Number of protein chains: 4
Amino acid sequence: MVVILKNDHDKQQLSNLVSWLSGKGISVHTTVGATQTILGLVGDTSHLDIDLISALDIVEAVRRVQEPYKNANRKFHPQNTVIEVGNTRIGDGSLTLIAGPCSVESEEQICEIAQKVKASGANLLRGGAFKPRTSPYSFQGMRQEGLRLLSLAKKLTGLPVVTEIMDLSQLELFDDVDIIQVGARNMQNFELLRALGATRKPILLKRGLSSTYEELLMSAEYIMAGGNEQVILCERGIRTFESYTRNTLDISAVPVLKQLSHLPVVIDPSHSAGKNELVDPLSCAAVAAGADGLIIEVHNDPPHALCDGPQSIRPEAFDKLAHKLRRVKEICNL
Amino acid sequence: MVVILKNDHDKQQLSNLVSWLSGKGISVHTTVGATQTILGLVGDTSHLDIDLISALDIVEAVRRVQEPYKNANRKFHPQNTVIEVGNTRIGDGSLTLIAGPCSVESEEQICEIAQKVKASGANLLRGGAFKPRTSPYSFQGMRQEGLRLLSLAKKLTGLPVVTEIMDLSQLELFDDVDIIQVGARNMQNFELLRALGATRKPILLKRGLSSTYEELLMSAEYIMAGGNEQVILCERGIRTFESYTRNTLDISAVPVLKQLSHLPVVIDPSHSAGKNELVDPLSCAAVAAGADGLIIEVHNDPPHALCDGPQSIRPEAFDKLAHKLRRVKEICNL
Amino acid sequence: MVVILKNDHDKQQLSNLVSWLSGKGISVHTTVGATQTILGLVGDTSHLDIDLISALDIVEAVRRVQEPYKNANRKFHPQNTVIEVGNTRIGDGSLTLIAGPCSVESEEQICEIAQKVKASGANLLRGGAFKPRTSPYSFQGMRQEGLRLLSLAKKLTGLPVVTEIMDLSQLELFDDVDIIQVGARNMQNFELLRALGATRKPILLKRGLSSTYEELLMSAEYIMAGGNEQVILCERGIRTFESYTRNTLDISAVPVLKQLSHLPVVIDPSHSAGKNELVDPLSCAAVAAGADGLIIEVHNDPPHALCDGPQSIRPEAFDKLAHKLRRVKEICNL
Amino acid sequence: MVVILKNDHDKQQLSNLVSWLSGKGISVHTTVGATQTILGLVGDTSHLDIDLISALDIVEAVRRVQEPYKNANRKFHPQNTVIEVGNTRIGDGSLTLIAGPCSVESEEQICEIAQKVKASGANLLRGGAFKPRTSPYSFQGMRQEGLRLLSLAKKLTGLPVVTEIMDLSQLELFDDVDIIQVGARNMQNFELLRALGATRKPILLKRGLSSTYEELLMSAEYIMAGGNEQVILCERGIRTFESYTRNTLDISAVPVLKQLSHLPVVIDPSHSAGKNELVDPLSCAAVAAGADGLIIEVHNDPPHALCDGPQSIRPEAFDKLAHKLRRVKEICNL
């Protein structure tokens, strides 16, 4: 951490600050310039509250030079984290395909789609039971009944299940869920993150609509600080000024997150664009950029899907896409 | 709602769509242009799922022409909503001042600040007990004990209390709280909004960091749809590319929200800028733009505040500011 | 175009508007709803000034349903535009590689790099002579002398040259330049665009830092309206809240721009990220998403480049990358 | 400047860097931490190219601690710059009102508006002759003839004139213009800025749609580095995700720019919101926040204005507003 002092700082206050830091095991190196004095803080500064120091009368600005996350940081954990769910290993260099409808709508629907995506090589089944919707008047998901139907589809196909939790009070219902998804709007629901840190289930953590990589990793850190190290990072598009696509896929998130962290990175091309004709090119791009997996919306009847129809592809399109993606993965892994 | 059809749309599908809409009480007027056909939908379209229609093969795009919120809409409720808490009326043309520390830190601290801001004319006391922090390693608030200290300060001064809830499981602890605050990061925590809609307490709803006016009003709609009409809208700065200030106060939110909705609008100048030297000019601007109230961080010892020190002002500064603001309000109300 | 009227609109003014539109060859279909009246405008509305209509007292809002660009619109020009420069055809389904240093620094430098990238299969040489820099104290390019050195390198290798123009007064110096680049900060320098529309040279038009697809296409339209139809669209990263990368590559721009327009689309992975370690994954992603070409910064000595060193790759890295990209193109073209 | 080294940096390269810096008169203080080594650079670093240092193999990151602008920096020029034009002094604590139509449309129009706004106390006349428009098919301004009509209105009323330049080739036509405006889209047209730095006319520099304060000040620096110190900074709204207003007025720009720089700051409430009903509250807010002036669009017939009609107010509204603003200024100056 680097602290930039005001020009006319009080010497006594500076001396107080240095003593206080020293009491926390942090030593201070001072650089006196013509117009500015800079303090270099040496030691473990991750527990220092940057706001506290910024508020001091003698301080002009504080610049962090170290990442504020530890458990999620590749510097302290160089090996890739590999997450095992059933027969699937996420993050081991293979390509994990998670597929299924936006929402669970009926036993028939979820079972049919599950069988089809399995046949195309999907590794996990997705499907929303609790649905966060901007309007209170939109379909809110089948909720508990949706979870029951997901279990049926899992039993039928053997595919492990990924589905979203919206509030920590729902956690007790998620026993038979294999990977718990935290949605973009809940990325900074810190009480929920803390509760998930106390479980031992893998968490698929979606990046918030206007969050930075560091904020995403700090949310992973919340979960990991509770002892749950099985976090999968998911880029699902960020909000930009472009309104033609629903969101803007930040493809750089793939190589950057894998560089900053050891956690697996998956991409959601369906929510990123909100248009089914973009699922193919964005999926190819994600794999080419090094993604560990994809989470794709597949529906047997997109025009009649109860939510997010425009961004779902049909099982046949998924089948074709899955084959192409495995070939791209092969070349780009070389 | 206006539906733009693809050029080569199937006539049978169009006829199906028209029948389906008709079954929902919506009539359709068709405009056939040289290169495009447009459907004008007449009737109550607020319950129509825009995604469902967008997903149809024959549809190129759907444009809403009506606001998707009803309870929060001034068109259907022309009179200002006035919220009464103790002796204070928020939204009646007067200026409501909510003041207090970012976090409750001790009995002594909260009581001293409460007495001082009351003497300066504050109408309500603010103070955080549950604190949403980006890092799991930062101070998380005194939680339940913080709520107890707020009650003490309320008893001592008679000031009603505003404080933040972070999860619906905390709701049972908020009995003695007068206005429940929903933070920016929880603006789209729909389960929480729904739970608050079932209470009969006023809710101070903060705008999300990158939310639009419509999204804020849709979140108010979630609460109001549950029967709780006492919602106060709060602009607290949005995220922009400017990093000099913590957030960017969107001052236009004041006149625009008051035009679109009948709900009171308050401004948080402290979180908007994250710098105490900006609290004075931003507060003046907010009142000049027509805000119903302000929520200002006041701390007796900003450099030692346990959180958000840099943005708090001292009681003496608040006292001077309060006087200036009442004069600005007078002139701008003319 | 759809015009939404205010509820209490004056009938006489409405009748005036309808007559005025009729005089412009536009017919009006009226849909009267319970709470709103909507006008559907039929005819060529691309020359209508949307602001003029919005300003009318009787109008609540105007929604465009047709794209405001014509020459650049795939609807009116379904075939891909293919641009021929020397032996290279841009936009015909092949992969065009444009490579070279950020800035021309010396004869030796530009000639060495030109020879190396040619050997690796580059189709065109890039190199900045006029450099837009945020600070007046940074290196501003070799300017006219830089253009002379580019001509030398072109003569030596046969590679056609792409370089940036900063002001229309420089146009007379660009005789030996094969493709004129318009930088992101000049995307809406309308006087420059108009001047380039009067030339018959291909223009590589970079998307502005916070521009939408429509704004980019409207800038292409400025050039094309002047009779110059040879425009290449270039996505080079947009500004987002993420500061880890210099900009954020909007990979969706590739499939979307190719869908909306018939113009070729190239990607600049170097400026997008500002980090040389990201050039490889972003280039692969761009090709996988269907880009017609890439413009990549290659420098023989990145740490000593006079500008943008951190984002340049070495010739050996470019050579390896070029081979991989051709294989990705092959698979994704299938 | 602070340079953060990679953990495993080469000692020889570090020694080379230190010698090179020393040759530029910059001394280096090294802080060796457990996991990181930090270099503190002491001396005048404003001419150092941050990109060059970032590109070195041994460097992880570079953080600036000093502002990169000098001439525009209040630290080196504590007194307010006051710009005199005719009888008006901009930046001396008084309120400067600049008013007039978006575009000059006819002699009658500009003269009538000029007389009216003068009667209401406006200090300068605005009016566009060269108009930057997103579409090549929209009205582009009366150009040279517009400048002639502005001169007539100036002669008639004695009001000095502010109007926009779009390209440096137009500069010779601006002899009778008192303040030359640089539009938001040209804020980083560096060739134009350089040319304006060689004149001795005051420049009204508008902030770009997504520019930061630092970028705005660096563009002012371009002009000032050429010897022209008469720059007026203008905030005119930035692009955000909110589409209800055309742009979002960043009201914090007023106090922050005045703190960072000694240059006067004016606000354009008309372009900020794009809606005439917001001109009043935003103007009041701007003055309350400490703005030195306002530039307001006033038109005698907004619905028939050839451009930007929706955001213009009528002369009578301007008259009433001008009186209110002077009272707000009085109170907030106390």
# chains A, B, ... in the order shown; residues from 1 in each chain; ligands from 1
call {"tool": "interface_residues", "arguments": {"of": "chain A", "to": "chain D", "cutoff": "7 Å", "atoms": "only C-alpha atoms", "output": "ChimeraX atom specification"}}
result
/A:29,31,33-34,40,42-43,241
call {"tool": "residues_around", "arguments": {"residues": "C:Ile296", "least_positions_apart": "5", "cutoff": "7 Å", "atoms": "only C-alpha atoms", "output": "PyMOL selection string"}}
result
chain C and resi 98-100+268-270
call {"tool": "closest_residue", "arguments": {"among": "B:Val287, B:Val59, B:Leu171, B:Ile50", "to": "A:Ser138", "atoms": "only C-alpha atoms"}}
result
B:Ile50
call {"tool": "residues_around", "arguments": {"residues": "C:His262", "least_positions_apart": "5", "cutoff": "8 Å", "atoms": "only C-alpha atoms", "output": "list of chain:residue names"}}
result
C:Ala72, C:Asn73, C:Arg74, C:His77, C:Pro78, C:Gln79, C:Asn80, C:Thr81
call {"tool": "residues_around", "arguments": {"residues": "D:Met224", "least_positions_apart": "4", "cutoff": "9 Å", "atoms": "only C-alpha atoms", "output": "PyMOL selection string"}}
result
chain D and resi 71-72+194+197-198+219-220+228-231
call {"tool": "residues_around", "arguments": {"residues": "D:Leu95", "least_positions_apart": "6", "cutoff": "9 Å", "atoms": "only C-alpha atoms", "output": "number ranges by chain"}}
result
D: 287, 291-294, 325-326, 329
call {"tool": "write_last_selection", "arguments": {"atoms": "N, CA and C atoms", "output": "CSV table (one decimal), in the first residue's frame"}}
result
chain,number,residue,atom,x,y,z
D,287,VAL,N,-25.8,26.4,-10.2
D,287,VAL,CA,-25.4,27.6,-9.5
D,287,VAL,C,-25.2,27.3,-8.0
D,291,ALA,N,-21.1,26.9,-9.8
D,291,ALA,CA,-20.7,27.2,-11.2
D,291,ALA,C,-20.5,28.6,-11.4
D,292,ASP,N,-19.5,28.9,-12.3
D,292,ASP,CA,-19.2,30.3,-12.7
D,292,ASP,C,-20.2,30.8,-13.7
D,293,GLY,N,-20.8,29.9,-14.4
D,293,GLY,CA,-21.7,30.4,-15.5
D,293,GLY,C,-22.5,29.2,-16.0
D,294,LEU,N,-23.5,29.6,-16.9
D,294,LEU,CA,-24.4,28.6,-17.5
D,294,LEU,C,-24.4,29.0,-19.0
D,325,LEU,N,-31.8,32.5,-10.5
D,325,LEU,CA,-30.4,32.0,-10.4
D,325,LEU,C,-29.6,33.1,-9.7
D,326,ARG,N,-29.8,34.4,-9.9
D,326,ARG,CA,-29.0,35.4,-9.3
D,326,ARG,C,-29.3,35.3,-7.7
D,329,LYS,N,-27.4,32.2,-6.4
D,329,LYS,CA,-25.9,32.6,-6.4
D,329,LYS,C,-25.6,33.3,-5.1
call {"tool": "residues_around", "arguments": {"residues": "D:His304", "least_positions_apart": "5", "cutoff": "8 Å", "atoms": "only C-alpha atoms", "output": "list of chain:residue names"}}
result
C:Leu52, C:Ala55, D:Gly309
call {"tool": "write_last_selection", "arguments": {"atoms": "C-alpha atoms", "output": "tab-separated table (two decimals), in the first residue's frame"}}
result
chain	number	residue	atom	x	y	z
C	52	LEU	CA	-38.18	18.30	-34.63
C	55	ALA	CA	-40.24	19.03	-29.73
D	309	GLY	CA	-35.88	21.91	-30.19
call {"tool": "residues_around", "arguments": {"residues": "stretch 166-169 of chain A", "least_positions_apart": "6", "cutoff": "10 Å", "atoms": "only C-alpha atoms", "output": "list in words"}}
result
Ala129, Phe130, Lys131, Pro132, Gln181, Val182, Gly183, Arg185, Asn186, Asn189, Glu191, Leu192, Leu193, Arg194, Ala195 and Leu196 of chain A; Asp167, Leu168, Ser169, Asn189, Phe190, Glu191 and Leu192 of chain B
call {"tool": "write_last_selection", "arguments": {"atoms": "C-alpha atoms", "output": "PDB file, in the first residue's frame"}}
result
ATOM      1  CA  ALA A 129     -36.574 -22.753 -10.249  1.00  0.00           C
ATOM      2  CA  PHE A 130     -36.303 -19.395  -8.471  1.00  0.00           C
ATOM      3  CA  LYS A 131     -36.248 -16.616 -11.086  1.00  0.00           C
ATOM      4  CA  PRO A 132     -35.160 -13.043 -10.376  1.00  0.00           C
ATOM      5  CA  GLN A 181     -25.712 -20.572  -8.687  1.00  0.00           C
ATOM      6  CA  VAL A 182     -25.543 -17.004  -7.367  1.00  0.00           C
ATOM      7  CA  GLY A 183     -27.051 -14.598  -9.891  1.00  0.00           C
ATOM      8  CA  ARG A 185     -27.896  -9.215  -9.034  1.00  0.00           C
ATOM      9  CA  ASN A 186     -26.887 -11.124  -5.900  1.00  0.00           C
ATOM     10  CA  ASN A 189     -25.546 -10.026  -1.355  1.00  0.00           C
ATOM     11  CA  GLU A 191     -25.234 -12.301   3.825  1.00  0.00           C
ATOM     12  CA  LEU A 192     -25.991 -14.894   1.158  1.00  0.00           C
ATOM     13  CA  LEU A 193     -22.317 -15.265   0.244  1.00  0.00           C
ATOM     14  CA  ARG A 194     -21.416 -15.786   3.878  1.00  0.00           C
ATOM     15  CA  ALA A 195     -24.099 -18.484   4.228  1.00  0.00           C
ATOM     16  CA  LEU A 196     -22.785 -20.251   1.121  1.00  0.00           C
TER      17      LEU A 196
ATOM     18  CA  ASP B 167     -31.351  -9.806   4.539  1.00  0.00           C
ATOM     19  CA  LEU B 168     -34.973 -10.659   5.162  1.00  0.00           C
ATOM     20  CA  SER B 169     -33.985 -12.897   8.105  1.00  0.00           C
ATOM     21  CA  ASN B 189     -32.899  -8.400  -4.108  1.00  0.00           C
ATOM     22  CA  PHE B 190     -36.429  -9.307  -5.069  1.00  0.00           C
ATOM     23  CA  GLU B 191     -37.100 -11.697  -2.171  1.00  0.00           C
ATOM     24  CA  LEU B 192     -36.210  -8.927   0.274  1.00  0.00           C
TER      25      LEU B 192
END
call {"tool": "atom_distance", "arguments": {"atom1": "atom CA of D:Leu217", "atom2": "atom CA of A:Tyr213"}}
result
28.4 Å
call {"tool": "select_by_dssp", "arguments": {"residues": "stretch 143-274 of chain B", "states": "strand (DSSP E or B)", "output": "JSON, numbers by chain"}}
result
{"B": [161, 162, 163, 164, 165, 179, 180, 181, 182, 203, 204, 205, 206, 231, 232, 233, 234, 235, 238, 248, 250, 261, 265, 266, 267]}
call {"tool": "write_last_selection", "arguments": {"atoms": "N, CA, C and O atoms", "output": "compact mmCIF listing (two decimals), in the first residue's frame"}}
result
# COMPACT_ATOMS: atom_id res chain seq x y z
N VAL B 161 -35.75 6.77 13.60
CA VAL B 161 -34.50 6.16 13.16
C VAL B 161 -34.63 5.50 11.78
O VAL B 161 -35.63 4.85 11.49
N VAL B 162 -33.60 5.72 10.94
CA VAL B 162 -33.47 5.06 9.63
C VAL B 162 -32.24 4.17 9.67
O VAL B 162 -31.15 4.66 9.96
N THR B 163 -32.40 2.88 9.32
CA THR B 163 -31.20 2.03 9.27
C THR B 163 -31.41 0.91 8.26
O THR B 163 -32.54 0.58 7.90
N GLU B 164 -30.29 0.34 7.81
CA GLU B 164 -30.33 -0.58 6.67
C GLU B 164 -30.55 -2.03 7.07
O GLU B 164 -29.96 -2.53 8.03
N ILE B 165 -31.34 -2.73 6.27
CA ILE B 165 -31.53 -4.16 6.41
C ILE B 165 -30.73 -4.84 5.29
O ILE B 165 -30.64 -4.32 4.19
N ILE B 179 -37.84 3.82 9.72
CA ILE B 179 -37.76 3.68 8.26
C ILE B 179 -36.68 2.66 7.95
O ILE B 179 -35.55 2.77 8.42
N ILE B 180 -37.03 1.63 7.17
CA ILE B 180 -36.06 0.59 6.83
C ILE B 180 -35.40 0.95 5.51
O ILE B 180 -36.07 1.22 4.51
N GLN B 181 -34.08 0.95 5.52
CA GLN B 181 -33.33 1.31 4.32
C GLN B 181 -32.93 0.05 3.54
O GLN B 181 -32.48 -0.93 4.13
N VAL B 182 -33.11 0.09 2.21
CA VAL B 182 -32.61 -0.97 1.34
C VAL B 182 -31.42 -0.38 0.59
O VAL B 182 -31.56 0.66 -0.08
N ILE B 203 -40.18 2.51 3.60
CA ILE B 203 -38.93 1.93 3.08
C ILE B 203 -38.17 3.03 2.34
O ILE B 203 -38.73 3.69 1.47
N LEU B 204 -36.90 3.20 2.69
CA LEU B 204 -36.04 4.12 1.94
C LEU B 204 -35.25 3.25 0.96
O LEU B 204 -34.38 2.49 1.36
N LEU B 205 -35.59 3.37 -0.33
CA LEU B 205 -35.03 2.46 -1.34
C LEU B 205 -33.94 3.17 -2.12
O LEU B 205 -34.20 4.13 -2.84
N LYS B 206 -32.71 2.69 -2.00
CA LYS B 206 -31.60 3.33 -2.70
C LYS B 206 -31.46 2.78 -4.11
O LYS B 206 -31.62 1.58 -4.33
N VAL B 231 -42.98 4.26 0.12
CA VAL B 231 -41.61 4.09 -0.39
C VAL B 231 -41.00 5.46 -0.64
O VAL B 231 -41.64 6.35 -1.21
N ILE B 232 -39.78 5.64 -0.18
CA ILE B 232 -39.01 6.86 -0.43
C ILE B 232 -37.88 6.49 -1.38
O ILE B 232 -37.14 5.54 -1.12
N LEU B 233 -37.76 7.21 -2.49
CA LEU B 233 -36.72 6.91 -3.47
C LEU B 233 -35.46 7.68 -3.10
O LEU B 233 -35.53 8.85 -2.74
N CYS B 234 -34.31 7.03 -3.18
CA CYS B 234 -33.06 7.69 -2.80
C CYS B 234 -31.99 7.54 -3.88
O CYS B 234 -31.58 6.44 -4.21
N GLU B 235 -31.54 8.69 -4.41
CA GLU B 235 -30.41 8.70 -5.35
C GLU B 235 -29.14 8.86 -4.52
O GLU B 235 -29.04 9.76 -3.70
N ILE B 238 -24.29 7.16 -8.99
CA ILE B 238 -24.18 6.00 -9.86
C ILE B 238 -22.72 5.81 -10.25
O ILE B 238 -21.89 6.70 -10.08
N THR B 248 -21.01 9.06 -8.98
CA THR B 248 -21.38 10.32 -9.61
C THR B 248 -22.84 10.61 -9.27
O THR B 248 -23.73 9.85 -9.66
N ASP B 250 -26.33 11.72 -9.68
CA ASP B 250 -27.17 12.02 -10.85
C ASP B 250 -28.25 12.99 -10.39
O ASP B 250 -29.33 12.60 -9.96
N SER B 261 -43.03 9.81 -10.94
CA SER B 261 -43.65 9.15 -9.79
C SER B 261 -44.13 10.17 -8.75
O SER B 261 -43.68 11.32 -8.74
N VAL B 265 -38.47 11.98 -2.97
CA VAL B 265 -37.11 11.72 -3.46
C VAL B 265 -36.11 12.38 -2.53
O VAL B 265 -36.17 13.59 -2.29
N VAL B 266 -35.20 11.58 -1.98
CA VAL B 266 -34.13 12.15 -1.16
C VAL B 266 -32.77 11.83 -1.80
O VAL B 266 -32.65 10.92 -2.61
N ILE B 267 -31.79 12.64 -1.43
CA ILE B 267 -30.45 12.53 -2.00
C ILE B 267 -29.46 12.21 -0.90
O ILE B 267 -29.55 12.75 0.20
call {"tool": "select_by_dssp", "arguments": {"residues": "stretch 83-144 of chain C", "states": "helix (DSSP H, G or I)", "output": "list in words"}}
result
Glu107, Glu108, Gln109, Ile110, Cys111, Glu112, Ile113, Ala114, Gln115, Lys116, Val117, Lys118, Ala119 and Gln144 of chain C
call {"tool": "write_last_selection", "arguments": {"atoms": "C-alpha atoms", "output": "tab-separated table (two decimals), in the first residue's frame"}}
result
chain	number	residue	atom	x	y	z
C	107	GLU	CA	13.70	3.20	-41.20
C	108	GLU	CA	15.44	0.24	-39.67
C	109	GLN	CA	12.62	-0.47	-37.27
C	110	ILE	CA	9.74	-0.30	-39.72
C	111	CYS	CA	11.57	-2.23	-42.45
C	112	GLU	CA	12.64	-5.01	-40.13
C	113	ILE	CA	9.17	-5.46	-38.69
C	114	ALA	CA	7.57	-5.27	-42.16
C	115	GLN	CA	9.80	-8.06	-43.44
C	116	LYS	CA	9.14	-10.23	-40.43
C	117	VAL	CA	5.36	-9.91	-40.39
C	118	LYS	CA	5.30	-10.48	-44.13
C	119	ALA	CA	7.21	-13.71	-43.63
C	144	GLN	CA	5.29	13.41	-42.42
call {"tool": "closest_residue", "arguments": {"among": "D:Leu173, D:Ala253, D:Val298, D:Leu260", "to": "B:Pro281", "atoms": "only C-alpha atoms"}}
result
D:Ala253
call {"tool": "atom_distance", "arguments": {"atom1": "atom CA of D:Ile58", "atom2": "atom CA of D:Asn16"}}
result
10.9 Å
call {"tool": "atom_distance", "arguments": {"atom1": "atom CA of C:Gly227", "atom2": "atom CA of C:Ile83"}}
result
14.8 Å
call {"tool": "decode", "arguments": {"residues": "stretch 10-67 of chain B", "atoms": "C-alpha atoms", "output": "compact mmCIF listing (two decimals), in the first residue's frame"}}
result
# COMPACT_ATOMS: atom_id res chain seq x y z
CA ASP B 10 -45.83 -15.93 -41.80
CA LYS B 11 -49.48 -14.83 -42.06
CA GLN B 12 -50.77 -17.79 -40.02
CA GLN B 13 -48.46 -17.01 -37.12
CA LEU B 14 -49.52 -13.38 -37.21
CA SER B 15 -53.13 -14.42 -37.04
CA ASN B 16 -52.34 -16.70 -34.07
CA LEU B 17 -50.66 -13.84 -32.26
CA VAL B 18 -53.60 -11.51 -32.83
CA SER B 19 -56.04 -14.11 -31.47
CA TRP B 20 -53.89 -14.78 -28.43
CA LEU B 21 -53.69 -11.05 -27.64
CA SER B 22 -57.39 -10.67 -28.19
CA GLY B 23 -57.96 -13.41 -25.59
CA LYS B 24 -56.09 -11.21 -23.13
CA GLY B 25 -58.33 -8.25 -23.89
CA ILE B 26 -55.81 -6.50 -26.10
CA SER B 27 -56.78 -5.25 -29.54
CA VAL B 28 -54.28 -4.84 -32.36
CA HIS B 29 -54.03 -2.09 -34.97
CA THR B 30 -51.85 -2.92 -37.95
CA THR B 31 -49.80 -0.39 -39.92
CA VAL B 32 -48.37 -1.80 -43.14
CA GLY B 33 -45.37 0.17 -44.39
CA ALA B 34 -43.22 -0.24 -47.49
CA THR B 35 -40.50 -2.11 -45.63
CA GLN B 36 -42.10 -2.88 -42.28
CA THR B 37 -45.34 -3.86 -40.61
CA ILE B 38 -46.07 -2.46 -37.18
CA LEU B 39 -48.66 -3.69 -34.69
CA GLY B 40 -50.06 -1.20 -32.16
CA LEU B 41 -51.37 -3.02 -29.06
CA VAL B 42 -54.24 -1.33 -27.27
CA GLY B 43 -55.30 -2.27 -23.73
CA ASP B 44 -53.57 -3.05 -20.45
CA THR B 45 -50.20 -4.42 -21.58
CA SER B 46 -48.46 -4.17 -18.19
CA HIS B 47 -48.97 -7.90 -17.55
CA LEU B 48 -47.72 -8.96 -21.00
CA ASP B 49 -44.30 -10.62 -20.94
CA ILE B 50 -42.26 -8.67 -23.47
CA ASP B 51 -39.76 -11.56 -23.75
CA LEU B 52 -42.44 -13.99 -24.84
CA ILE B 53 -43.47 -11.80 -27.76
CA SER B 54 -39.88 -10.97 -28.73
CA ALA B 55 -39.17 -14.68 -29.04
CA LEU B 56 -41.73 -15.27 -31.76
CA ASP B 57 -40.27 -16.08 -35.15
CA ILE B 58 -42.30 -13.38 -36.88
CA VAL B 59 -41.20 -10.56 -34.55
CA GLU B 60 -38.22 -8.29 -35.20
CA ALA B 61 -38.53 -6.08 -32.13
CA VAL B 62 -40.92 -4.93 -29.43
CA ARG B 63 -41.05 -1.35 -28.12
CA ARG B 64 -42.85 -0.45 -24.96
CA VAL B 65 -44.72 2.86 -25.07
CA GLN B 66 -46.23 2.64 -21.60
CA GLU B 67 -44.31 2.58 -18.33
